[in-house]
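J.: Mind having a look at this structure? Questions to follow.
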Amino acid sequence: MPTHSSEIHESYPCQKCQGGRKHRQTITLMTWLGDDLITVPDFPAWICDLCGHRLYDSHALAQLSLLLNPDVGTPIQHRLINDRKKPTANYPPLA
């Protein structure tokens, strides 16, 4: 499937309903990030003209995931030091 807007807009058979065809369109993506609703306008997706099934563009999803990652910009070494757990004492199980 093409993933860039400069490529030819083709259609593909819908694997969900097997009767329609998926066409590339831009939509508003809505997703939850914790307790916050995030909306992303003009998000690329492949949408079936018959059943409406949506398949979001994988390249765009990867970019969005990177943007929403709370660790973006955090040095890897600093993150590893903070992620280490302190050793816990091993106590025998209670009888």
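In the structure tokens, the first chain shown is A, the next is B, and so on; residue numbers restart at 1 for each chain, and ligands run from 1 in the order shown.
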Mind checking which residues fall within 6 Å of range 12-28 of chain A, counting only C-alpha atoms, ignoring those fewer than 3 positions away in the same chain, and posting them as a CSV table (one decimal) with N, CA and C atoms, in the first residue's frame?
T.:
```csv
chain,number,residue,atom,x,y,z
A,40,VAL,N,-6.1,14.3,16.2
A,40,VAL,CA,-5.1,14.6,15.2
A,40,VAL,C,-5.8,14.8,13.8
A,41,PRO,N,-5.9,16.1,13.4
A,41,PRO,CA,-6.6,16.3,12.1
A,41,PRO,C,-5.7,15.9,10.9
A,42,ASP,N,-6.3,15.6,9.8
A,42,ASP,CA,-5.7,15.3,8.5
A,42,ASP,C,-4.7,14.1,8.7
A,43,PHE,N,-5.2,13.0,9.4
A,43,PHE,CA,-4.4,11.8,9.6
A,43,PHE,C,-4.7,10.8,8.4
A,44,PRO,N,-3.7,10.3,7.8
A,44,PRO,CA,-3.9,9.4,6.6
A,44,PRO,C,-4.5,8.0,7.1
A,45,ALA,N,-5.5,7.6,6.3
A,45,ALA,CA,-6.0,6.3,6.6
A,45,ALA,C,-6.6,5.7,5.3
A,46,TRP,N,-6.7,4.4,5.3
A,46,TRP,CA,-7.3,3.7,4.2
A,46,TRP,C,-8.7,3.3,4.7
A,47,ILE,N,-9.8,3.7,4.0
A,47,ILE,CA,-11.1,3.6,4.4
A,47,ILE,C,-11.9,2.8,3.4
A,48,CYS,N,-12.7,1.8,3.8
A,48,CYS,CA,-13.5,1.0,2.9
A,48,CYS,C,-14.7,1.8,2.5
A,49,ASP,N,-15.0,1.8,1.2
A,49,ASP,CA,-16.2,2.5,0.7
A,49,ASP,C,-17.5,1.8,1.0
A,50,LEU,N,-17.4,0.6,1.4
A,50,LEU,CA,-18.7,-0.2,1.7
A,50,LEU,C,-19.0,-0.3,3.2
```
J.: As an mmCIF file with N, CA and C atoms, in the first residue's frame, please: the residues near range 64-69 of chain A (cut-off 12 Å, only C-alpha atoms, same-chain neighbours under 6 positions excluded).
T.:
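For reference, part-v7.cif as written:
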```cif
data_model
loop_
_atom_site.group_PDB
_atom_site.id
_atom_site.type_symbol
_atom_site.label_atom_id
_atom_site.label_comp_id
_atom_site.auth_asym_id
_atom_site.auth_seq_id
_atom_site.Cartn_x
_atom_site.Cartn_y
_atom_site.Cartn_z
ATOM 1 N N LEU A 29 -8.080 11.668 13.578
ATOM 2 C CA LEU A 29 -7.824 10.531 14.455
ATOM 3 C C LEU A 29 -8.071 10.981 15.881
ATOM 4 N N MET A 30 -8.819 10.195 16.638
ATOM 5 C CA MET A 30 -9.040 10.476 18.055
ATOM 6 C C MET A 30 -8.554 9.286 18.860
ATOM 7 N N THR A 31 -7.749 9.558 19.886
ATOM 8 C CA THR A 31 -7.220 8.492 20.729
ATOM 9 C C THR A 31 -7.037 9.030 22.143
ATOM 10 N N TRP A 32 -7.023 8.135 23.101
ATOM 11 C CA TRP A 32 -6.829 8.524 24.498
ATOM 12 C C TRP A 32 -5.360 8.408 24.860
ATOM 13 N N LEU A 33 -4.863 9.389 25.558
ATOM 14 C CA LEU A 33 -3.518 9.375 26.119
ATOM 15 C C LEU A 33 -3.700 9.583 27.610
ATOM 16 N N GLY A 34 -3.762 8.489 28.349
ATOM 17 C CA GLY A 34 -4.109 8.575 29.765
ATOM 18 C C GLY A 34 -5.557 9.014 29.894
ATOM 19 N N ASP A 36 -6.542 12.024 28.812
ATOM 20 C CA ASP A 36 -6.725 13.097 27.834
ATOM 21 C C ASP A 36 -7.096 12.533 26.468
ATOM 22 N N ILE A 38 -6.917 12.951 22.663
ATOM 23 C CA ILE A 38 -6.049 13.599 21.686
ATOM 24 C C ILE A 38 -6.726 13.515 20.317
ATOM 25 N N THR A 39 -6.794 14.620 19.604
ATOM 26 C CA THR A 39 -7.314 14.612 18.235
ATOM 27 C C THR A 39 -6.207 15.056 17.292
ATOM 28 N N VAL A 40 -6.091 14.340 16.182
ATOM 29 C CA VAL A 40 -5.073 14.638 15.180
ATOM 30 C C VAL A 40 -5.788 14.842 13.848
ATOM 31 N N PRO A 41 -5.886 16.086 13.375
ATOM 32 C CA PRO A 41 -6.564 16.327 12.097
ATOM 33 C C PRO A 41 -5.702 15.878 10.915
ATOM 34 N N PHE A 43 -5.207 13.038 9.381
ATOM 35 C CA PHE A 43 -4.418 11.827 9.580
ATOM 36 C C PHE A 43 -4.713 10.846 8.448
ATOM 37 N N PRO A 44 -3.685 10.303 7.784
ATOM 38 C CA PRO A 44 -3.918 9.407 6.645
ATOM 39 C C PRO A 44 -4.452 8.040 7.077
ATOM 40 N N TYR A 56 -5.286 2.616 9.579
ATOM 41 C CA TYR A 56 -4.479 3.826 9.673
ATOM 42 C C TYR A 56 -3.112 3.601 9.064
ATOM 43 N N ASP A 57 -2.568 4.635 8.455
ATOM 44 C CA ASP A 57 -1.263 4.582 7.806
ATOM 45 C C ASP A 57 -0.190 4.235 8.842
ATOM 46 N N SER A 58 0.555 3.153 8.610
ATOM 47 C CA SER A 58 1.527 2.665 9.596
ATOM 48 C C SER A 58 2.675 3.648 9.813
#
```
J.: Go through range 7-69 of chain A and collect every residue that DSSP, computed from the backbone, puts in strand (DSSP E); the answer should be as number ranges by chain.
T.: A: 11-13, 21-33, 36-48, 54-56
J.: Pick out each residue of range 2-68 of chain A that DSSP on the backbone tags as alpha helix (DSSP H); I need them as a ChimeraX atom specification.
T.: /A:58-68
